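S.K.: Below: one structure in structure tokens.
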Amino acid sequence: MKFAFRNVWRNKKVSIFAALVVAASTLFLMIFTGNIATYQSELDQSYQIMKASAHITGENATAVPQLTETQYGMLLDSGFIKDHSVMADHAINEQDILRGINKSSIDTTLHSCIQDVAWAEGYESDVFLGDAMVCVVPANRRMELGSLWSCMINQQKYEFVVVGIYGSKYTSKSNGAIIYCPVNALKKAYNDTGNVFTYCGMKMNLHNLQEIDSFKEQMKDAGMAEGQCRLVINDAQLQSVTAQLKRHVRVLESMLPILLALIAAIGLGISFLLLRGRKREIAILRTIGMKRFPVFVGYLLETAVQAVLGMAVGLLIGRALFDVLTVDHQQLIIMVVCYLTGGGVAIWKLSGINVFTIMTARE
């Protein structure tokens, strides 16, 4: 080690030049990897900020979806559903519908007037999250809060307590009416009568968007790309934004090995050129009995000291002038190793030259 430090101090110009080459390589690598980190950060931020949603449709534009309990459970267990709203319809007669929902947002009509719903004491819109046999009826049915509304569900009579009244009492009854109840209450009635329960509508807000392609594959495997219930994922804007960032990251990462190989080549070239003028010095060491391997180690340590000093200078310049704060230490270590590999090849080659040839050479 003393030999290496002594050579660094004794050959100041050579050491400074080598350190500056390493500093420039370090700075370039910092900026390069910093750009990768910036694009990756923007990509991660896009996944956090941007939104993606999904909904179900039937096998064609006019068909009503039929989402089974098994498919519903797969969606909820997928790990991609941030929140959701769901509904199921039961035809009471030719015109009226009992609609089970878990949130008012799933139904356009109810959601547009939810703020004006007259609620019974102790009730509000979160009533749809439970499973109580309660309902919200249209005002044109002229029913009172707290009264009972009854209907037949699969040939069995069920009674619902009116806890909310929506809309205008002047709405024409000829268009039929929609009575809303908690979807779990309607599902319970179906289960009690031994009938298959299906959902006819579901809207979802998604998260874990980094893995959204995996979600698509899961749902495809679950048979939700075709048939009576199809999942439509609304992520066009997300894909448009992230595709370009992914492309930038992919291109830069593919160029990184080339950059490291170039640094190794620089280490080879610089070490060869700098040590070429010191052939006689190497020959003298070999003449006085120093073996090839100790000579190799000594000059390699000298190159390593120059590399470390140059890397430190590059780090300081990068942080002071270019505000490059994100440093991939692993890449810096790889860079130094590549540089020393190139330098080691040059040193080993020069240290193996015949001593007599070196001593008699004109240069």
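As shown in the structure tokens, the chain order sets the letters A, B, ...; within each chain, residues go from 1, and ligands are also counted from 1 in the order they appear.
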So that I can see what lies close to segment 55-67 of chain A, please list as an MDAnalysis selection string the residues with an atom at most 7 Å from it, counting only C-alpha atoms and leaving out residues fewer than 3 positions away in the same chain.
M.R.: chainID A and resid 71:72 198:204 226:233
S.K.: Show which residues sit within 8 Å of Ile263 of chain A, as a compact mmCIF listing (two decimals) with all heavy atoms, in the first residue's frame. Count only C-alpha atoms, and ignore same-chain residues fewer than 5 positions away.
M.R.:
```txt
# COMPACT_ATOMS: atom_id res chain seq x y z
N SER A 25 -15.95 10.17 -15.55
CA SER A 25 -16.75 8.96 -15.71
C SER A 25 -17.79 8.85 -14.61
O SER A 25 -18.95 8.49 -14.86
CB SER A 25 -15.85 7.72 -15.69
OG SER A 25 -14.91 7.76 -16.74
N MET A 335 -18.74 0.56 -11.58
CA MET A 335 -17.93 1.40 -12.45
C MET A 335 -16.45 1.30 -12.07
O MET A 335 -15.57 1.12 -12.94
CB MET A 335 -18.38 2.86 -12.34
CG MET A 335 -17.61 3.81 -13.25
SD MET A 335 -17.61 5.51 -12.68
CE MET A 335 -16.48 5.39 -11.29
N CYS A 338 -15.08 -2.04 -13.05
CA CYS A 338 -14.85 -2.09 -14.50
C CYS A 338 -13.58 -1.33 -14.87
O CYS A 338 -12.77 -1.78 -15.70
CB CYS A 338 -16.05 -1.52 -15.25
SG CYS A 338 -17.53 -2.56 -15.19
N TYR A 339 -13.40 -0.16 -14.24
CA TYR A 339 -12.22 0.65 -14.52
C TYR A 339 -10.95 -0.10 -14.10
O TYR A 339 -9.96 -0.16 -14.85
CB TYR A 339 -12.32 1.98 -13.79
CG TYR A 339 -11.15 2.91 -14.03
CD1 TYR A 339 -11.12 3.72 -15.15
CD2 TYR A 339 -10.09 2.96 -13.13
CE1 TYR A 339 -10.05 4.58 -15.38
CE2 TYR A 339 -9.00 3.80 -13.34
CZ TYR A 339 -9.00 4.62 -14.47
OH TYR A 339 -7.94 5.44 -14.70
```
S.K.: Going by DSSP on the backbone, which bits of segment 111-222 of chain A are alpha helix (DSSP H)? Write them as a PyMOL selection string, please.
M.R.: chain A and resi 111-112+183-192+212-221
S.K.: Return the single residue from A:Val163, A:Val305, A:Ala222, A:Ala312 that is closest to Leu75 of chain A, with distances computed using only C-alpha atoms.
M.R.: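 The answer is A:Ala222, which sits nearest to Leu75 of chain A.
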S.K.: Name the closest residue to Ile106 of chain A among the candidates A:Ile165, A:Met255, A:Val183, A:Ala225; distances are taken between atoms, counting only C-alpha atoms.
M.R.: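 Nearest to Ile106 of chain A: A:Val183.
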S.K.: Tell me which protein, DNA and RNA residues are within 9 Å of Ala23 of chain A, counting only C-alpha atoms, leaving out same-chain ones fewer than 5 positions away, and put them as a short mmCIF file (atom, residue, chain, number, x, y, z; two decimals) with N, CA and C atoms, in the first residue's frame.
M.R.:
```cif
data_model
loop_
_atom_site.label_atom_id
_atom_site.label_comp_id
_atom_site.auth_asym_id
_atom_site.auth_seq_id
_atom_site.Cartn_x
_atom_site.Cartn_y
_atom_site.Cartn_z
N ALA A 18 -5.38 10.79 -14.27
CA ALA A 18 -6.18 9.57 -14.10
C ALA A 18 -7.40 9.84 -13.22
N PHE A 28 -20.57 11.44 -15.22
CA PHE A 28 -21.44 11.02 -16.32
C PHE A 28 -22.37 9.89 -15.87
N ALA A 307 -8.48 5.91 -8.78
CA ALA A 307 -9.90 5.74 -9.09
C ALA A 307 -10.78 6.23 -7.94
N LEU A 309 -9.97 8.43 -5.58
CA LEU A 309 -9.88 9.90 -5.50
C LEU A 309 -10.72 10.55 -6.59
N GLY A 310 -10.64 10.00 -7.81
CA GLY A 310 -11.43 10.54 -8.91
C GLY A 310 -12.91 10.40 -8.66
N MET A 311 -13.33 9.26 -8.11
CA MET A 311 -14.75 9.05 -7.83
C MET A 311 -15.25 10.05 -6.78
N ALA A 312 -14.42 10.31 -5.75
CA ALA A 312 -14.80 11.27 -4.72
C ALA A 312 -14.97 12.67 -5.32
N VAL A 313 -14.03 13.06 -6.20
CA VAL A 313 -14.13 14.37 -6.86
C VAL A 313 -15.39 14.44 -7.71
N GLY A 314 -15.67 13.36 -8.47
CA GLY A 314 -16.87 13.33 -9.30
C GLY A 314 -18.14 13.46 -8.49
N LEU A 315 -18.19 12.79 -7.34
CA LEU A 315 -19.37 12.87 -6.46
C LEU A 315 -19.57 14.29 -5.95
N ILE A 317 -18.48 17.13 -7.30
CA ILE A 317 -18.88 18.02 -8.40
C ILE A 317 -20.35 17.79 -8.76
#
```
S.K.: For the structure I just gave you, how does DSSP split segment 119-215 of chain A - specifically, which residues are strand (DSSP E)? Reply as a ChimeraX atom specification.
M.R.: /A:119,134-138,148-153,156-166,178-182,198-199,201-206
S.K.: Output C-alpha atoms for every residue in the selection just made, as a compact mmCIF listing (two decimals), in the first residue's frame.
M.R.:
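Result file selection_39.txt:
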```txt
# COMPACT_ATOMS: atom_id res chain seq x y z
CA TRP A 119 -84.76 9.94 5.67
CA VAL A 134 -85.36 -1.59 4.63
CA CYS A 135 -86.04 0.33 1.45
CA VAL A 136 -86.11 3.76 -0.18
CA VAL A 137 -89.22 4.37 -2.28
CA PRO A 138 -90.18 7.04 -4.84
CA LEU A 148 -94.12 -1.37 5.43
CA TRP A 149 -93.70 -2.16 1.77
CA SER A 150 -94.11 -5.80 0.76
CA CYS A 151 -93.24 -7.76 -2.37
CA MET A 152 -92.83 -11.32 -3.60
CA ILE A 153 -89.27 -12.59 -4.06
CA GLN A 156 -92.08 -15.77 -0.93
CA LYS A 157 -93.40 -12.59 0.65
CA TYR A 158 -90.94 -10.15 2.18
CA GLU A 159 -91.66 -6.90 3.99
CA PHE A 160 -89.37 -3.87 3.92
CA VAL A 161 -89.52 -0.85 6.21
CA VAL A 162 -89.60 2.45 4.31
CA VAL A 163 -86.69 4.51 5.65
CA GLY A 164 -86.29 6.96 2.78
CA ILE A 165 -88.32 8.73 0.11
CA TYR A 166 -86.74 10.12 -3.05
CA ILE A 178 -87.50 1.56 -8.68
CA ILE A 179 -87.46 0.67 -5.00
CA TYR A 180 -83.98 0.57 -3.50
CA CYS A 181 -82.81 -1.73 -0.73
CA PRO A 182 -79.42 -2.96 0.59
CA THR A 198 -76.29 -12.56 -9.59
CA TYR A 199 -75.28 -8.90 -9.83
CA GLY A 201 -73.95 -3.95 -12.32
CA MET A 202 -70.60 -3.21 -10.71
CA LYS A 203 -68.26 -0.22 -10.81
CA MET A 204 -64.78 -0.26 -9.35
CA ASN A 205 -61.95 2.13 -8.61
CA LEU A 206 -58.62 0.34 -8.89
```
S.K.: Using only C-alpha atoms, determine which residues lie at most 9 Å from Val196 of chain A, disregarding the query and same-chain residues fewer than 4 positions distant; provide the list as a ChimeraX atom specification.
M.R.: /A:68-69,190-191
S.K.: Please produce an output containing N, CA, C and O atoms for each residue in the selection, written as a short mmCIF file (atom, residue, chain, number, x, y, z; two decimals), in the first residue's frame.
M.R.:
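So part_30.cif came out as:
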```cif
data_model
loop_
_atom_site.label_atom_id
_atom_site.label_comp_id
_atom_site.auth_asym_id
_atom_site.auth_seq_id
_atom_site.Cartn_x
_atom_site.Cartn_y
_atom_site.Cartn_z
N THR A 68 -71.64 -13.51 -11.25
CA THR A 68 -71.91 -14.53 -10.24
C THR A 68 -71.19 -14.21 -8.94
O THR A 68 -70.26 -13.38 -8.90
N GLU A 69 -71.60 -14.88 -7.87
CA GLU A 69 -70.94 -14.70 -6.58
C GLU A 69 -69.47 -15.11 -6.64
O GLU A 69 -68.62 -14.49 -6.01
N TYR A 190 -82.67 -14.15 -1.62
CA TYR A 190 -82.41 -15.16 -2.65
C TYR A 190 -81.83 -16.42 -2.03
O TYR A 190 -82.21 -17.55 -2.39
N ASN A 191 -80.88 -16.24 -1.12
CA ASN A 191 -80.27 -17.41 -0.48
C ASN A 191 -81.29 -18.18 0.35
O ASN A 191 -81.26 -19.42 0.40
#
```
S.K.: Quick one: distance from atom CA of Ser53 of chain A to atom CA of Leu238 of chain A in Å, one decimal?
M.R.: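 Computing the Euclidean distance for atom CA of Ser53 of chain A and atom CA of Leu238 of chain A yields 10.4 Å.
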S.K.: To one decimal in Å, tell me the separation between atom CA of Val117 of chain A and atom CA of Ala185 of chain A.
M.R.: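 Distance between the two atoms: 20.3 Å.
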S.K.: Calculated over only C-alpha atoms, which of the candidates A:Thr287, A:Gln306, A:Thr193, A:Ser85 has the smallest distance to Val14 of chain A?
M.R.: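 Using only C-alpha atoms, the shortest distance to Val14 of chain A belongs to A:Gln306.
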S.K.: Just the residues within 9 Å of segment 234-237 of chain A, please, counting only C-alpha atoms, with nothing from its chain fewer than 3 positions along; format it as a PyMOL selection string.
M.R.: chain A and resi 50-55+240-242
